[in-house]
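**Q** If you scroll down you'll find the structure; I have some questions about it.
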Amino acid sequence: MNGDPVLSVSGLSVTYDVDPPVRAVRDVSLTVGQGEVLGLAGESGCGKSTLAYAVQRLLKPPAQITAGQVVLHGTPGAAGGDDVDLTTLSPAEMDRLRWDQVAMVFQGAMNSLNPVLTIGAQLADVFARHRPGMRRAERTETCGALLDMVGVGADRLRSYPHELSGGMRQRVMIAMALALRPRLLIMDEPTTALDVLVQREILQEISRLREELGFSVVFITHDLPLLLEISHRIAVMKGGQVVEVGTASQIYHDAQHEYTKRLLGSFPSLTGERGDFVRKGAAV
Amino acid sequence: MTTLELRGLTKRYRVRGSGHMLALDDVDLSIASGRTVALVGQSGSGKSTIAKIITQLERETAGQVLLDGRPVPRRGKGLRAYRQQVRMVFQDPFASLNPYHTVRHHIARPLLLDRVVPREEVDAEVARLLERVRLEPELATRRPHELSGGQRQRIAIARALASRPSLLVADEPVSMLDVSIRLGVLNLLADLQEADGLGVLYITHDLATARHFSDEIVVLHHGRVVERGPSDDVILTPSHEYTRALRDASPDPDRHFGGGRTPDTIGSPS
């Protein structure tokens with residue numbers, strides 16, 4: 001981890017209280033440093049999205065946090081010092097912090113825009129909610145600037161989601177997440193539905209914005225090769241637990257856990273050696 | 001030896017309000033038994049349109065689809081016989097199986113329709129096909145919702161193989177599956193292909209698996225073939241700018257870290 005921590009998750013557990021109960025996140029501890037990109041890798045059902053929702057306190061019953069802390073460090077104006085345990089906040093207090101300090105780009109974000117409202121109206125909602133003192137003209141101007149920042153262009157404020165391509169809609173979602181200049185951005189499979197060229201554009205955009213604005217990123221995906229390229233550190237999740245954490249280079253060169261090795265082995269190399277598993281009828 | 005050939009294939013879709021959209025523009029392609037051809041390109045490049053025309057779910061606007069030199073019959077028995085030869089595996093195993101029917105029903109249907117085996121041998125053939133895709137024959141009584149994505153895709157493959165085709169069109173067959181089982185399904189396809197001498201058209205946007213699982217790669221861009229050649233050549237020394245852009249945009253930790261992961265650490269997923 002580089003720099004001071006922004007977020008420390010310790011001993012976090014989430015259970016879906018159904019019959020029988022599902023322990024989706026088990027005793028997870030992680031830290032995210034200032035300006036760091038932490039990759040969270042794992043397959044469907046490993047608990048990675050549940051973990052992200054828990055950090056944001058967005059879980060709905062039957063899911064509930066059963067143990068652990070989610071501490072946001074250096075929160076300005078928080079009662080009881082700079083470090084706030086998000087799990088202890090009241091819903092109203094959490095509402096103020098969410099999006100302002102920790103924002104999220106959801107999975108399938110391209111389809112999470114409201115189809116009957118313009119892009120501008122949806123961006124303005126963020127300010128109406130969190131910056132009620134802001135005047136209308138200022139709001140419009142800020143929304144335009146946000147669209148310029150992510151490369152969509154202020155002239156698209158009056159566009160509807162269906163008038164934009166998938167990549168553009170994803171950029172709008174990123175603009176929305178960055179509207180209040182959060183210190184941490186959680187991205188849940190933000191580029192999975194996009195093809196490689198658009199994915200690369202979006203990744204470069206995120207990287208540029210991160211350098212410009214200095215926020216930290218938790219990047220959730222099953223695409224380990226992608227994480228190896230863009231993350232400082234990577235946490236590998238399986239069955240609700242973090243089985244391995246290391247720098248991207250450690251995970252690539254010297255993975256310790258069997259599951260990490262298996263995950264690495266699931267991706268044939270694009271330009272490297274063929275390996276011995278292909279087109280020879282290897283065991284399945 | 002069977003060869004499927006596309007000659008000057010062109011497809012124009014009518015778009016309401018704005019005239020036409022050219023989805024395929026003069027595409028030539030040939031797939032022979034025992035060979036795997038990968039068709040790569042980004043969303044909207046026309047990959048799936050080619051699959052739909054090969055399986056005659058769509059009609060071409062111009063050009064020809066030839067099986068062993070003969071044009072594809074348009075209807076009736078001829079078309080059915082053609083479809084028995086050329087089968088398709090779809091992308092989404094959650095949508096391509098009927099939730100009301102058992103696994104047995106899905107696999108038995110082509111067996112009965114194409115009269116592959118006598119009626120009394122259908123159950124034995126279903127069991128044999130399930131074993132070929134490395135599933136327990138007991139799964140025959142289950143319904144799709146009781147199965148994992150990987151199991152479902154194996155069922156879809158068994159169904160495609162039931163009529164003993166000579167060519168298989170696999171449209172993104174593993175992109176909906178969990179990463180740790182993708183190679184298993186691709187290896188299975190490769191094994192079956194080798195055993196039956198199948199010709200396979202592997203449609204994908206994943207250049208890495210395209211390289212390793214096919215003999216030849218065809219790159220499609222805006223409905224046109226911009227590059228084709230032996231897999232390693234196309235990926236390692238691409239000659240077209242678009243192929244290079246695709247390759248450079250694909251995640252490649254080996255290039256990123258300058259190699260260092262030895263091939264023997266890339267084990268086969270068990």
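Each chain of the structure tokens is named A, B, ... in the order shown, its residues numbered from 1; ligands are numbered from 1 in display order.
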From a backbone DSSP assignment, name each residue in stretch 89-191 of chain B labelled strand (DSSP E or B), as a PyMOL selection string.
**A** chain B and resi 89+167-171
**Q** Once DSSP has gone over the backbone, tell me which residues of stretch 56-266 of chain B are in alpha helix (DSSP H), as JSON, numbers by chain.
**A** {"B": [76, 77, 78, 79, 80, 81, 82, 83, 84, 85, 103, 104, 105, 106, 107, 108, 109, 110, 111, 112, 113, 122, 123, 124, 125, 126, 127, 128, 129, 130, 131, 132, 149, 150, 151, 152, 153, 154, 155, 156, 157, 158, 159, 160, 161, 162, 179, 180, 181, 182, 183, 184, 185, 186, 187, 188, 189, 190, 191, 192, 193, 194, 195, 196, 207, 208, 209, 210, 211, 212, 213, 231, 232, 233, 234, 235, 236, 241, 242, 243, 244, 245, 246, 247, 248, 249, 253, 254, 255, 256]}
**Q** Could you name the residues that touch stretch 14-24 of chain B at 6 Å or less, counting only C-alpha atoms, but leaving out those on the same chain fewer than 3 positions away, as a compact mmCIF listing (two decimals) with N, CA and C atoms, in the first residue's frame?
**A**
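The file below, around21.txt, is the result:
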# COMPACT_ATOMS: atom_id res chain seq x y z
N THR B 10 -22.71 -10.42 -48.20
CA THR B 10 -23.08 -9.05 -47.87
C THR B 10 -24.43 -9.07 -47.19
N LYS B 11 -24.55 -8.30 -46.12
CA LYS B 11 -25.84 -8.21 -45.44
C LYS B 11 -26.16 -6.76 -45.14
N GLY B 46 -19.95 -7.42 -36.95
CA GLY B 46 -20.64 -8.31 -37.88
C GLY B 46 -20.42 -9.79 -37.61
N GLY B 223 -17.84 -4.96 -40.63
CA GLY B 223 -18.39 -5.86 -41.63
C GLY B 223 -17.42 -6.29 -42.72
**Q** Could you work out how far atom CA of A:Asp83 lies from atom CA of A:Val102, giving the answer in Å with one decimal?
**A**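 Taking atom CA of A:Val102 as the start and atom CA of A:Asp83 as the end point, the length is 13.9 Å.
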**Q** May I have the residues within 10 Å of A:Val32 as a list of chain:residue names, using only C-alpha atoms and disregarding those fewer than 2 positions away in the same chain?
**A**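 So, after excluding close chain neighbours, the residues are A:Met1, A:Asn2, A:Gly3, A:Asp4, A:Pro5, A:Val6, A:Leu7, A:Ser8, A:Val9, A:Leu30, A:Gln34, A:Gly35, A:Glu36, A:Val37, A:Leu38, A:Gly39, A:Leu72, A:Leu184, A:Ser216, A:Val217, A:Val218, A:Arg233.
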